[in-house]
$ cat query15.cif   # mmCIF, C-alpha atoms (C1' of nucleotides)
data_entry
loop_
_atom_site.label_atom_id
_atom_site.label_comp_id
_atom_site.auth_asym_id
_atom_site.auth_seq_id
_atom_site.Cartn_x
_atom_site.Cartn_y
_atom_site.Cartn_z
CA MET A 1032 7.68 -21.11 -34.85
CA ALA A 1033 6.10 -17.78 -35.48
CA ARG A 1034 3.02 -16.59 -37.25
CA THR A 1035 0.41 -19.31 -37.02
CA GLN A 1036 -2.23 -20.39 -39.45
CA GLY A 1037 -5.20 -18.14 -39.92
CA SER A 1038 -3.83 -15.43 -37.70
CA HIS A 1039 -5.12 -11.98 -38.41
CA SER A 1040 -5.09 -8.56 -36.88
CA GLN A 1041 -8.79 -8.10 -37.41
CA ILE A 1042 -9.46 -11.32 -35.56
CA THR A 1043 -6.86 -11.22 -32.82
CA GLY A 1044 -7.38 -7.56 -31.97
CA PRO A 1045 -11.01 -7.89 -30.87
CA ARG A 1046 -10.21 -11.17 -29.17
CA VAL A 1047 -7.56 -9.48 -27.07
CA ARG A 1048 -10.02 -6.81 -26.00
CA GLY A 1049 -12.67 -9.41 -25.32
CA ALA A 1050 -10.39 -11.55 -23.23
CA ALA A 1051 -9.14 -8.55 -21.30
CA LEU A 1052 -12.69 -7.35 -20.64
CA LYS A 1053 -13.77 -10.75 -19.40
CA LEU A 1054 -10.74 -11.31 -17.17
CA PHE A 1055 -10.60 -7.77 -15.79
CA ALA A 1056 -14.26 -8.03 -14.85
CA LYS A 1057 -13.80 -11.39 -13.19
CA HIS A 1058 -10.56 -10.91 -11.29
CA GLY A 1059 -9.73 -7.21 -11.45
CA PHE A 1060 -7.18 -5.34 -13.50
CA ALA A 1061 -4.32 -5.71 -11.06
CA ALA A 1062 -4.94 -9.41 -10.55
CA VAL A 1063 -4.86 -10.29 -14.24
CA SER A 1064 -1.53 -10.77 -16.01
CA MET A 1065 -0.77 -10.19 -19.66
CA ARG A 1066 0.09 -13.88 -19.86
CA GLN A 1067 -3.39 -14.83 -18.69
CA ILE A 1068 -4.95 -12.64 -21.35
CA ALA A 1069 -2.63 -14.15 -23.94
CA ARG A 1070 -3.52 -17.67 -22.86
CA GLU A 1071 -7.23 -16.86 -23.19
CA VAL A 1072 -6.62 -15.62 -26.72
CA GLY A 1073 -4.40 -18.58 -27.54
CA VAL A 1074 -1.27 -16.61 -28.17
CA GLN A 1075 2.03 -15.76 -26.50
CA ALA A 1076 2.24 -12.71 -24.25
CA GLY A 1077 4.50 -10.79 -26.58
CA ALA A 1078 1.90 -10.86 -29.33
CA LEU A 1079 -0.45 -8.71 -27.26
CA TYR A 1080 1.86 -5.79 -27.80
CA ASN A 1081 0.82 -5.67 -31.43
CA TYR A 1082 -2.55 -4.48 -30.16
CA THR A 1083 -1.78 -2.30 -27.18
CA PRO A 1084 1.31 -0.32 -26.19
CA ASP A 1085 0.93 -1.58 -22.62
CA LYS A 1086 -1.48 -2.99 -20.07
CA GLN A 1087 -2.67 0.40 -18.87
CA ALA A 1088 -3.61 1.48 -22.39
CA LEU A 1089 -5.62 -1.70 -22.78
CA LEU A 1090 -7.70 -0.88 -19.72
CA PHE A 1091 -8.13 2.72 -20.77
CA SER A 1092 -9.21 1.68 -24.24
CA LEU A 1093 -11.89 -0.60 -22.82
CA LEU A 1094 -13.27 2.06 -20.50
CA LYS A 1095 -13.15 4.80 -23.10
CA GLY A 1096 -14.85 2.58 -25.67
CA HIS A 1097 -17.60 1.78 -23.20
CA MET A 1098 -18.25 5.40 -22.34
CA VAL A 1099 -18.26 6.51 -25.96
CA GLU A 1100 -20.70 3.75 -26.82
CA LEU A 1101 -22.87 4.86 -23.91
CA HIS A 1102 -23.02 8.42 -25.17
CA ASP A 1103 -23.64 7.39 -28.75
CA ALA A 1104 -26.53 5.18 -27.68
CA LEU A 1105 -27.99 7.91 -25.50
CA ASP A 1106 -27.77 10.44 -28.31
CA ALA A 1107 -29.53 7.99 -30.62
CA LEU A 1108 -32.60 7.85 -28.38
CA PRO A 1109 -35.74 9.24 -30.00
CA GLU A 1110 -36.51 12.62 -28.51
CA SER A 1111 -39.39 12.99 -26.13
CA ASP A 1112 -41.44 16.06 -25.40
CA THR A 1113 -42.22 16.18 -21.72
CA PRO A 1114 -39.72 15.86 -18.87
CA LEU A 1115 -41.66 12.85 -17.62
CA ALA A 1116 -41.35 11.07 -20.96
CA ARG A 1117 -37.68 11.98 -21.18
CA LEU A 1118 -37.07 10.64 -17.70
CA GLU A 1119 -38.85 7.42 -18.52
CA ALA A 1120 -36.80 7.02 -21.67
CA PHE A 1121 -33.60 7.59 -19.73
CA VAL A 1122 -34.48 5.06 -17.05
CA ARG A 1123 -35.43 2.37 -19.52
CA PHE A 1124 -32.40 3.10 -21.66
CA HIS A 1125 -29.97 3.01 -18.76
CA ILE A 1126 -31.22 -0.35 -17.57
CA ALA A 1127 -31.28 -1.96 -21.01
CA PHE A 1128 -27.88 -0.62 -21.98
CA HIS A 1129 -26.20 -1.66 -18.75
CA LEU A 1130 -27.78 -5.10 -18.60
CA ASP A 1131 -26.46 -5.71 -22.09
CA ARG A 1132 -22.80 -5.25 -21.10
CA PRO A 1133 -22.41 -6.14 -17.43
CA GLU A 1134 -18.68 -6.72 -17.72
CA ALA A 1135 -17.92 -3.32 -19.22
CA VAL A 1136 -20.14 -1.67 -16.61
CA PHE A 1137 -18.38 -3.53 -13.87
CA ILE A 1138 -14.87 -2.53 -14.80
CA SER A 1139 -15.98 1.03 -15.53
CA TYR A 1140 -16.87 1.31 -11.87
CA MET A 1141 -14.22 -0.87 -10.33
CA GLU A 1142 -11.08 -0.06 -12.21
CA LEU A 1143 -11.25 3.71 -12.29
CA ARG A 1144 -8.63 3.85 -9.58
CA ASN A 1145 -6.23 1.83 -11.69
CA LEU A 1146 -6.23 4.48 -14.39
CA GLU A 1147 -3.33 6.85 -14.55
CA PRO A 1148 -4.45 10.38 -13.61
CA GLU A 1149 -4.54 11.62 -17.18
CA ASN A 1150 -6.68 8.70 -18.32
CA PHE A 1151 -8.87 8.97 -15.25
CA GLU A 1152 -9.72 12.56 -16.09
CA VAL A 1153 -10.96 11.56 -19.52
CA ILE A 1154 -13.28 8.84 -18.23
CA GLU A 1155 -14.45 10.99 -15.35
CA GLY A 1156 -15.34 13.74 -17.79
CA LEU A 1157 -17.41 11.39 -19.91
CA ARG A 1158 -19.18 10.06 -16.84
CA ARG A 1159 -20.01 13.55 -15.67
CA ARG A 1160 -21.42 14.42 -19.06
CA TYR A 1161 -23.71 11.42 -18.81
CA GLU A 1162 -24.89 12.48 -15.37
CA ASP A 1163 -25.50 15.97 -16.70
CA ALA A 1164 -27.89 14.56 -19.29
CA LEU A 1165 -30.07 13.12 -16.55
CA GLU A 1166 -29.78 16.19 -14.37
CA ALA A 1167 -30.99 18.37 -17.22
CA VAL A 1168 -34.16 16.31 -17.40
CA LEU A 1169 -34.71 16.65 -13.68
CA THR A 1170 -34.09 20.37 -13.76
CA ASP A 1171 -36.52 20.88 -16.61
CA GLY A 1172 -39.14 18.82 -14.83
CA ARG A 1173 -38.72 20.75 -11.65
CA ASP A 1174 -38.98 24.08 -13.46
CA ALA A 1175 -42.17 22.81 -15.05
CA CYS A 1176 -43.42 21.80 -11.60
CA VAL A 1177 -43.94 18.17 -12.59
CA PHE A 1178 -41.05 16.96 -10.42
CA ASP A 1179 -40.39 17.61 -6.77
CA VAL A 1180 -36.63 17.27 -6.36
CA PRO A 1181 -34.97 19.30 -3.63
CA ASP A 1182 -31.47 18.73 -5.06
CA THR A 1183 -31.16 17.75 -8.71
CA LYS A 1184 -27.49 16.78 -8.46
CA ILE A 1185 -28.05 14.35 -5.61
CA THR A 1186 -31.19 12.95 -7.14
CA THR A 1187 -29.25 12.37 -10.34
CA LEU A 1188 -26.58 10.41 -8.52
CA ALA A 1189 -29.15 8.53 -6.45
CA VAL A 1190 -31.14 7.47 -9.49
CA ILE A 1191 -28.08 6.39 -11.42
CA ALA A 1192 -26.76 4.43 -8.44
CA MET A 1193 -30.10 2.70 -8.06
CA LEU A 1194 -30.40 1.86 -11.74
CA THR A 1195 -26.84 0.68 -12.13
CA GLY A 1196 -27.40 -1.60 -9.17
CA VAL A 1197 -29.41 -3.96 -11.37
CA THR A 1198 -26.19 -5.24 -12.88
CA THR A 1199 -25.15 -6.71 -9.53
CA TRP A 1200 -28.07 -9.09 -9.29
CA TYR A 1201 -29.75 -9.43 -12.69
CA ARG A 1202 -29.10 -12.66 -14.52
CA ALA A 1203 -30.44 -13.37 -17.97
CA GLY A 1204 -32.96 -16.16 -17.85
CA GLY A 1205 -33.80 -15.43 -14.23
CA ARG A 1206 -37.12 -14.68 -12.60
CA LEU A 1207 -37.68 -11.36 -14.38
CA SER A 1208 -37.37 -10.13 -17.93
CA VAL A 1209 -35.58 -6.91 -18.76
CA ALA A 1210 -38.92 -5.29 -19.53
CA GLU A 1211 -40.28 -6.23 -16.11
CA VAL A 1212 -37.19 -4.85 -14.42
CA GLN A 1213 -37.49 -1.64 -16.40
CA GLN A 1214 -41.11 -1.28 -15.34
CA ILE A 1215 -40.40 -1.84 -11.67
CA TYR A 1216 -37.55 0.65 -11.61
CA TRP A 1217 -39.43 3.20 -13.65
CA ASP A 1218 -42.33 3.01 -11.19
CA MET A 1219 -39.97 3.69 -8.31
CA VAL A 1220 -38.18 6.56 -10.01
CA ARG A 1221 -41.42 8.15 -11.18
CA LYS A 1222 -42.90 8.05 -7.71
CA ALA A 1223 -39.68 9.24 -6.07
CA VAL A 1224 -39.47 12.43 -8.11
CA ARG A 1225 -43.12 13.26 -8.73
CA ALA A 1226 -44.47 16.55 -7.42
CA MET B 1287 18.50 -5.09 15.00
CA ALA B 1288 15.23 -6.68 16.01
CA ARG B 1289 12.43 -5.70 18.30
CA THR B 1290 12.34 -1.91 18.42
CA GLN B 1291 11.55 0.41 21.27
CA GLY B 1292 7.96 0.77 22.31
CA SER B 1293 6.77 -1.99 20.08
CA HIS B 1294 3.63 -3.71 21.18
CA SER B 1295 1.14 -6.16 19.83
CA GLN B 1296 -1.78 -4.05 20.96
CA ILE B 1297 -0.43 -1.09 19.04
CA THR B 1298 0.93 -2.73 15.93
CA GLY B 1299 -2.03 -5.04 15.41
CA PRO B 1300 -4.61 -2.30 14.87
CA ARG B 1301 -2.13 -0.28 12.87
CA VAL B 1302 -1.66 -3.18 10.48
CA ARG B 1303 -5.40 -3.44 9.97
CA GLY B 1304 -5.71 0.31 9.58
CA ALA B 1305 -2.94 0.48 7.00
CA ALA B 1306 -4.35 -2.46 5.09
CA LEU B 1307 -7.83 -0.94 5.08
CA LYS B 1308 -6.54 2.38 3.82
CA LEU B 1309 -4.32 0.91 1.11
CA PHE B 1310 -6.80 -1.73 -0.06
CA ALA B 1311 -9.43 0.99 -0.41
CA LYS B 1312 -7.10 3.26 -2.33
CA HIS B 1313 -5.38 0.85 -4.69
CA GLY B 1314 -7.23 -2.43 -4.43
CA PHE B 1315 -6.31 -5.67 -2.70
CA ALA B 1316 -4.37 -7.16 -5.59
CA ALA B 1317 -2.42 -3.98 -6.22
CA VAL B 1318 -1.19 -3.60 -2.64
CA SER B 1319 1.81 -5.57 -1.46
CA MET B 1320 2.56 -6.74 2.04
CA ARG B 1321 5.69 -4.61 1.89
CA GLN B 1322 3.61 -1.49 1.23
CA ILE B 1323 1.44 -2.24 4.23
CA ALA B 1324 4.53 -2.84 6.33
CA ARG B 1325 6.07 0.45 5.20
CA GLU B 1326 2.88 2.30 6.15
CA VAL B 1327 3.06 0.75 9.61
CA GLY B 1328 6.78 1.40 9.91
CA VAL B 1329 7.85 -2.20 10.13
CA GLN B 1330 9.41 -4.92 7.99
CA ALA B 1331 7.18 -7.17 5.93
CA GLY B 1332 7.91 -10.26 7.99
CA ALA B 1333 6.51 -8.64 11.12
CA LEU B 1334 3.02 -8.54 9.59
CA TYR B 1335 2.83 -12.29 9.93
CA ASN B 1336 2.57 -11.90 13.67
CA TYR B 1337 -0.87 -10.46 13.04
CA THR B 1338 -2.24 -12.40 10.11
CA PRO B 1339 -1.49 -15.85 8.75
CA ASP B 1340 -1.49 -14.45 5.22
CA LYS B 1341 -2.71 -11.62 3.00
CA GLN B 1342 -6.03 -13.27 2.22
CA ALA B 1343 -6.87 -13.66 5.90
CA LEU B 1344 -6.13 -9.99 6.41
CA LEU B 1345 -8.69 -9.02 3.76
CA PHE B 1346 -11.24 -11.45 5.09
CA SER B 1347 -10.78 -10.17 8.63
CA LEU B 1348 -11.43 -6.61 7.51
CA LEU B 1349 -14.58 -7.51 5.59
CA LYS B 1350 -15.91 -9.78 8.31
CA GLY B 1351 -15.25 -7.15 10.96
CA HIS B 1352 -17.10 -4.58 8.92
CA MET B 1353 -20.13 -6.77 8.39
CA VAL B 1354 -20.30 -7.81 12.04
CA GLU B 1355 -20.10 -4.19 13.09
CA LEU B 1356 -22.88 -3.39 10.65
CA HIS B 1357 -25.17 -6.02 12.12
CA ASP B 1358 -24.37 -5.04 15.68
CA ALA B 1359 -25.16 -1.42 14.96
CA LEU B 1360 -28.39 -2.35 13.19
CA ASP B 1361 -29.47 -4.53 16.10
CA ALA B 1362 -28.75 -1.68 18.49
CA LEU B 1363 -31.26 0.59 16.76
CA PRO B 1364 -34.21 1.56 18.95
CA GLU B 1365 -37.26 -0.34 17.81
CA SER B 1366 -39.99 1.44 15.94
CA ASP B 1367 -43.64 0.58 15.72
CA THR B 1368 -44.87 1.23 12.24
CA PRO B 1369 -43.28 -0.03 9.02
CA LEU B 1370 -42.89 3.57 7.92
CA ALA B 1371 -40.95 4.49 11.05
CA ARG B 1372 -38.85 1.34 10.73
CA LEU B 1373 -38.06 2.15 7.11
CA GLU B 1374 -37.08 5.69 8.01
CA ALA B 1375 -34.83 4.40 10.78
CA PHE B 1376 -33.18 1.97 8.38
CA VAL B 1377 -32.56 4.61 5.73
CA ARG B 1378 -31.07 7.10 8.15
CA PHE B 1379 -29.01 4.40 9.83
CA HIS B 1380 -27.63 3.02 6.58
CA ILE B 1381 -26.48 6.43 5.40
CA ALA B 1382 -24.92 7.44 8.70
CA PHE B 1383 -23.18 4.13 9.20
CA HIS B 1384 -21.77 3.98 5.71
CA LEU B 1385 -20.66 7.59 5.57
CA ASP B 1386 -18.73 6.96 8.77
CA ARG B 1387 -16.52 4.27 7.26
CA PRO B 1388 -16.23 4.86 3.53
CA GLU B 1389 -13.08 2.78 3.19
CA ALA B 1390 -14.57 -0.34 4.74
CA VAL B 1391 -17.69 0.09 2.61
CA PHE B 1392 -15.60 0.47 -0.47
CA ILE B 1393 -13.56 -2.68 -0.03
CA SER B 1394 -16.63 -4.63 1.07
CA TYR B 1395 -18.03 -4.02 -2.39
CA MET B 1396 -14.89 -4.07 -4.47
CA GLU B 1397 -12.87 -6.89 -3.03
CA LEU B 1398 -15.50 -9.59 -2.72
CA ARG B 1399 -14.10 -11.25 -5.81
CA ASN B 1400 -10.68 -11.49 -4.21
CA LEU B 1401 -12.03 -13.62 -1.39
CA GLU B 1402 -11.46 -17.34 -1.56
CA PRO B 1403 -14.79 -19.14 -2.08
CA GLU B 1404 -15.12 -20.23 1.52
CA ASN B 1405 -14.55 -16.70 2.80
CA PHE B 1406 -16.80 -15.26 0.14
CA GLU B 1407 -19.69 -17.41 1.32
CA VAL B 1408 -19.38 -16.04 4.84
CA ILE B 1409 -19.44 -12.40 3.77
CA GLU B 1410 -22.19 -13.04 1.25
CA GLY B 1411 -24.30 -14.64 3.95
CA LEU B 1412 -23.90 -11.64 6.24
CA ARG B 1413 -24.79 -9.30 3.41
CA ARG B 1414 -27.91 -11.24 2.60
CA ARG B 1415 -28.97 -11.16 6.22
CA TYR B 1416 -28.66 -7.40 6.14
CA GLU B 1417 -30.78 -7.20 3.02
CA ASP B 1418 -33.34 -9.46 4.63
CA ALA B 1419 -33.73 -6.98 7.46
CA LEU B 1420 -34.79 -4.30 5.01
CA GLU B 1421 -36.97 -6.63 3.02
CA ALA B 1422 -38.86 -7.62 6.16
CA VAL B 1423 -39.76 -3.99 6.71
CA LEU B 1424 -40.98 -3.63 3.15
CA THR B 1425 -43.01 -6.81 3.36
CA ASP B 1426 -44.66 -5.75 6.62
CA GLY B 1427 -45.47 -2.36 5.14
CA ARG B 1428 -46.96 -3.89 2.07
CA ASP B 1429 -49.07 -6.29 4.10
CA ALA B 1430 -50.29 -3.31 6.10
CA CYS B 1431 -51.08 -1.53 2.81
CA VAL B 1432 -48.88 1.44 3.66
CA PHE B 1433 -46.32 0.55 0.98
CA ASP B 1434 -46.86 -0.14 -2.68
CA VAL B 1435 -43.97 -2.37 -3.72
CA PRO B 1436 -44.54 -4.83 -6.54
CA ASP B 1437 -41.39 -6.82 -5.72
CA THR B 1438 -39.92 -6.53 -2.24
CA LYS B 1439 -36.65 -8.22 -3.14
CA ILE B 1440 -35.87 -5.89 -5.99
CA THR B 1441 -36.99 -2.84 -4.08
CA THR B 1442 -34.69 -3.90 -1.28
CA LEU B 1443 -31.72 -4.11 -3.61
CA ALA B 1444 -32.67 -0.89 -5.35
CA VAL B 1445 -32.95 1.05 -2.11
CA ILE B 1446 -29.68 -0.30 -0.76
CA ALA B 1447 -27.88 0.47 -4.02
CA MET B 1448 -29.23 3.98 -3.98
CA LEU B 1449 -28.31 4.59 -0.35
CA THR B 1450 -24.85 3.08 -0.60
CA GLY B 1451 -24.21 5.33 -3.57
CA VAL B 1452 -23.76 8.27 -1.22
CA THR B 1453 -20.31 7.01 -0.32
CA THR B 1454 -19.11 7.60 -3.87
CA TRP B 1455 -19.69 11.34 -3.81
CA TYR B 1456 -20.16 12.51 -0.21
CA ARG B 1457 -17.24 14.35 1.28
CA ALA B 1458 -17.21 15.56 4.88
CA GLY B 1459 -17.18 19.34 4.98
CA GLY B 1460 -18.87 19.56 1.60
CA ARG B 1461 -22.05 21.30 0.56
CA LEU B 1462 -24.37 19.11 2.59
CA SER B 1463 -24.41 17.77 6.13
CA VAL B 1464 -25.11 14.13 6.87
CA ALA B 1465 -28.50 15.13 8.26
CA GLU B 1466 -29.41 16.93 5.04
CA VAL B 1467 -28.35 13.94 2.97
CA GLN B 1468 -30.40 11.64 5.17
CA GLN B 1469 -33.43 13.85 4.73
CA ILE B 1470 -33.13 14.01 0.94
CA TYR B 1471 -32.74 10.26 0.58
CA TRP B 1472 -35.47 9.50 3.06
CA ASP B 1473 -37.84 11.73 1.09
CA MET B 1474 -37.03 9.83 -2.08
CA VAL B 1475 -37.38 6.40 -0.52
CA ARG B 1476 -40.60 7.30 1.23
CA LYS B 1477 -42.16 8.56 -1.96
CA ALA B 1478 -40.89 5.64 -4.01
CA VAL B 1479 -42.52 3.00 -1.82
CA ARG B 1480 -45.66 4.76 -0.58
CA ALA B 1481 -49.01 3.33 -1.45
"C1'" DC C 518 19.30 -9.09 38.10
"C1'" DT C 519 18.13 -12.81 35.46
"C1'" DT C 520 15.51 -15.17 32.30
"C1'" DG C 521 11.99 -16.45 28.95
"C1'" DG C 522 8.75 -15.19 25.75
"C1'" DA C 523 6.90 -11.70 22.67
"C1'" DT C 524 8.19 -8.93 18.89
"C1'" DC C 525 10.82 -7.47 15.09
"C1'" DT C 526 14.75 -7.48 11.53
"C1'" DG C 527 17.08 -8.73 7.47
"C1'" DA C 528 18.03 -11.99 4.32
"C1'" DA C 529 16.51 -15.45 1.56
"C1'" DC C 530 13.31 -18.72 -1.33
"C1'" DG C 531 11.09 -19.60 -5.82
"C1'" DC C 532 7.98 -17.47 -8.73
"C1'" DG C 533 5.45 -14.64 -11.93
"C1'" DC C 534 5.25 -10.02 -13.44
"C1'" DG C 535 5.31 -6.35 -17.70
"C1'" DT C 536 7.87 -5.60 -21.41
"C1'" DT C 537 11.32 -6.13 -25.31
"C1'" DC C 538 13.20 -8.16 -29.35
"C1'" DA C 539 15.51 -11.07 -32.79
"C1'" DG C 540 14.07 -14.42 -35.65
"C1'" DA C 541 10.61 -17.44 -37.83
"C1'" DT C 542 6.52 -18.00 -40.42
"C1'" DA C 543 2.23 -17.19 -43.10
"C1'" DC C 544 -0.16 -14.34 -46.00
"C1'" DC C 545 -0.90 -10.71 -49.67
"C1'" DC C 546 0.40 -8.34 -53.77
"C1'" DT C 547 2.46 -7.96 -58.03
"C1'" DA D 555 6.60 -17.39 -58.28
"C1'" DG D 556 8.63 -14.75 -54.99
"C1'" DG D 557 9.45 -10.65 -52.11
"C1'" DG D 558 7.80 -7.84 -48.40
"C1'" DT D 559 5.18 -7.17 -44.54
"C1'" DA D 560 2.19 -8.27 -40.90
"C1'" DT D 561 2.04 -11.35 -37.29
"C1'" DC D 562 3.60 -14.38 -33.82
"C1'" DT D 563 7.06 -17.22 -30.98
"C1'" DG D 564 10.26 -18.07 -27.47
"C1'" DA D 565 13.59 -16.48 -24.70
"C1'" DA D 566 15.26 -13.09 -21.92
"C1'" DC D 567 15.58 -8.68 -18.79
"C1'" DG D 568 15.27 -6.86 -14.03
"C1'" DC D 569 12.08 -6.52 -10.52
"C1'" DG D 570 8.84 -7.11 -6.82
"C1'" DC D 571 5.85 -10.50 -5.01
"C1'" DG D 572 4.10 -13.52 -0.62
"C1'" DT D 573 6.05 -16.02 2.70
"C1'" DT D 574 9.55 -18.17 5.91
"C1'" DC D 575 12.95 -18.19 9.46
"C1'" DA D 576 17.10 -17.77 12.32
"C1'" DG D 577 18.70 -14.51 15.19
"C1'" DA D 578 18.59 -9.99 17.60
"C1'" DT D 579 16.30 -7.17 20.83
"C1'" DC D 580 13.08 -5.53 24.17
"C1'" DC D 581 9.89 -6.19 27.96
"C1'" DA D 582 7.79 -8.24 32.03
"C1'" DA D 583 7.67 -11.45 35.68
"C1'" DG D 584 10.08 -13.70 39.40
#
$ encode --input "query15.cif" --output "structure tokens"
Amino acid sequence: MARTQGSHSQITGPRVRGAALKLFAKHGFAAVSMRQIAREVGVQAGALYNYTPDKQALLFSLLKGHMVELHDALDALPESDTPLARLEAFVRFHIAFHLDRPEAVFISYMELRNLEPENFEVIEGLRRRYEDALEAVLTDGRDACVFDVPDTKITTLAVIAMLTGVTTWYRAGGRLSVAEVQQIYWDMVRKAVRA
Amino acid sequence: MARTQGSHSQITGPRVRGAALKLFAKHGFAAVSMRQIAREVGVQAGALYNYTPDKQALLFSLLKGHMVELHDALDALPESDTPLARLEAFVRFHIAFHLDRPEAVFISYMELRNLEPENFEVIEGLRRRYEDALEAVLTDGRDACVFDVPDTKITTLAVIAMLTGVTTWYRAGGRLSVAEVQQIYWDMVRKAVRA
DNA sequence: CTTGGATCTGAACGCGCGTTCAGATACCCT
DNA sequence: AGGGTATCTGAACGCGCGTTCAGATCCAAG
């Protein structure tokens, strides 16, 4: 046997990435074998190597794709005038974006240490750039005396940690809607940084 | 060869746990082999089984020990009168405790999914009890009208996520002392929940 | 000084790993 | 209709895994 009916690069490729994302998020990169991914896709292990040079590249590709998507979505946000409005937009965006892709968020945090140093640097750079976007808002707000933040870097990290935390407990169809969650978190952030 | 000079259960036992903690934190449970742990201790792999029935039990023991220590330390806190003072004590305690054992904190978050269901339930229960301690403070403060928190459960999780985030960036000997970090975070939490 | 138990070694077990590749098959293009 | 290519299978590679165990060695108690 060999090529099966209806097989297609444009179909199998995304399915490989999807299966890898799902399994990495559930069990961890190191705990998932190429054969498991293949089984999820409905293919033999060897076929995966039409879509990735190796397992490491598959992980890196998922993380890189996630970070690029994050930046693209952030850049696409409508611009706001005041630091307060920009901060609100960031908070609401961060929550909505992350709640939409919990698995990608999860592995982007958990599997950083499984990246080879060169790949790690790339992802780390993208993450820092994202943090810088928030810090710029905080700095502007402080300069305009609308925010009281003693240390913009730490506040940046604290806010992001708090916001990202939603992915650990939020479940679609649960007690709260995304909009309600956004409102609650925005209230906390606004109060925490206000002058 | 067999038993080597100076060997001792009371020495090797803790060293096994220490090596496992260090390696699990660095590379992840699934990525660390018993032979690596043994090499770190300076012993053959078989000898580890004098100290743990298997690899899973070793992980569980580390996580359980960490959570028990956390509760003991929390219970040992001097009692405070007002909700505000209790909240401040909790915030400062959480930061100090977690910054003191970054590796244990790390694996307690990262390796939960590698616990067998039965073990997972135990750790999850201890974690929830810890969260409940904070939520009780928030509830009391809200009832006393000193806090404005629309949802105590979510605020609890948000605060803990924010505080635990310090372990991802704090490095001893860095720009800030633990006391300074505590102060910055306490300021943010206080403002975020105040009425 | 002897002896028994605690501690460790070294070898072994079956197994699944990531990866490669020759060959088989299905699809697309002319 | 038929050739070429993209795609997949199935088998194989060497390796390291978690765990077990008989035997060697050290230590402490009598």
$ resolve_selection --input "query15.cif" --expression "the PyMOL selection byres ((chain A) within 8 of (chain B))" --output "PyMOL selection string"
chain A and resi 1057-1059+1061-1062+1141+1144-1145+1181-1182+1188-1194+1196-1197+1215+1218-1224
$ interface_residues --input "query15.cif" --of "chain D" --to "chain B" --cutoff "6 Å" --atoms "only C-alpha atoms (C1' of nucleotides)" --output "PyMOL selection string"
chain D and resi 578-580
$ closest_atom_pairs --input "query15.cif" --of "chain D" --to "stretch 526-531 of chain C" --cutoff "12 Å" --atoms "all atoms listed in the file" --output "CSV"
residue,atom,partner,partner_atom,distance
D:DC571,C1',C:DG531,C1',10.5
D:DG572,C1',C:DC530,C1',10.6
D:DT573,C1',C:DC530,C1',8.7
D:DT574,C1',C:DC530,C1',8.2
D:DC575,C1',C:DA529,C1',9.1
D:DA576,C1',C:DA528,C1',9.9
D:DG577,C1',C:DT526,C1',8.9
D:DA578,C1',C:DT526,C1',7.6
D:DT579,C1',C:DT526,C1',9.4
$ write_last_selection --input "query15.cif" --atoms "C-alpha atoms (C1' of nucleotides)" --output "compact mmCIF listing (two decimals), in the frame of the given file"
# COMPACT_ATOMS: atom_id res chain seq x y z
C1' DC D 571 5.85 -10.50 -5.01
C1' DG D 572 4.10 -13.52 -0.62
C1' DT D 573 6.05 -16.02 2.70
C1' DT D 574 9.55 -18.17 5.91
C1' DC D 575 12.95 -18.19 9.46
C1' DA D 576 17.10 -17.77 12.32
C1' DG D 577 18.70 -14.51 15.19
C1' DA D 578 18.59 -9.99 17.60
C1' DT D 579 16.30 -7.17 20.83
$ atom_distance --input "query15.cif" --atom1 "atom CA of A:Arg1048" --atom2 "atom CA of A:His1125"
23.4 Å
$ closest_residue --input "query15.cif" --among "C:DT547, C:DT524, C:DC518, C:DG533" --to "chain B" --atoms "only C-alpha atoms (C1' of nucleotides)"
C:DT524
$ residues_around --input "query15.cif" --residues "C:DT520" --least-positions-apart "5" --cutoff "12 Å" --atoms "only C-alpha atoms (C1' of nucleotides)" --output "ChimeraX atom specification"
/D:581-584
$ axis_aligned_box --input "query15.cif" --around "stretch 1437-1446 of chain B" --padding-each-side "4 Å" --output "AutoDock Vina command-line options"
--center_x -35.5 --center_y -3.6 --center_z -3.4 --size_x 19.7 --size_y 17.3 --size_z 13.2
$ atom_distance --input "query15.cif" --atom1 "atom CA of B:Leu1424" --atom2 "atom CA of B:Glu1410"
21.1 Å
$ build_atoms --input "query15.cif" --residues "stretch 1090-1095 of chain A" --atoms "N, CA and C atoms" --output "PDB file, in the coordinates of the input"
ATOM      1  N   LEU A1090      -6.596  -1.206 -20.630  1.00  0.00           N
ATOM      2  CA  LEU A1090      -7.700  -0.880 -19.720  1.00  0.00           C
ATOM      3  C   LEU A1090      -8.379   0.413 -20.135  1.00  0.00           C
ATOM      4  N   PHE A1091      -7.568   1.425 -20.392  1.00  0.00           N
ATOM      5  CA  PHE A1091      -8.130   2.720 -20.770  1.00  0.00           C
ATOM      6  C   PHE A1091      -8.982   2.601 -22.030  1.00  0.00           C
ATOM      7  N   SER A1092      -8.486   1.865 -22.980  1.00  0.00           N
ATOM      8  CA  SER A1092      -9.210   1.680 -24.240  1.00  0.00           C
ATOM      9  C   SER A1092     -10.574   1.035 -24.001  1.00  0.00           C
ATOM     10  N   LEU A1093     -10.622   0.058 -23.119  1.00  0.00           N
ATOM     11  CA  LEU A1093     -11.890  -0.600 -22.820  1.00  0.00           C
ATOM     12  C   LEU A1093     -12.878   0.375 -22.172  1.00  0.00           C
ATOM     13  N   LEU A1094     -12.388   1.144 -21.206  1.00  0.00           N
ATOM     14  CA  LEU A1094     -13.270   2.060 -20.500  1.00  0.00           C
ATOM     15  C   LEU A1094     -13.738   3.184 -21.426  1.00  0.00           C
ATOM     16  N   LYS A1095     -12.805   3.717 -22.185  1.00  0.00           N
ATOM     17  CA  LYS A1095     -13.150   4.800 -23.100  1.00  0.00           C
ATOM     18  C   LYS A1095     -14.169   4.299 -24.126  1.00  0.00           C
TER      19      LYS A1095
END
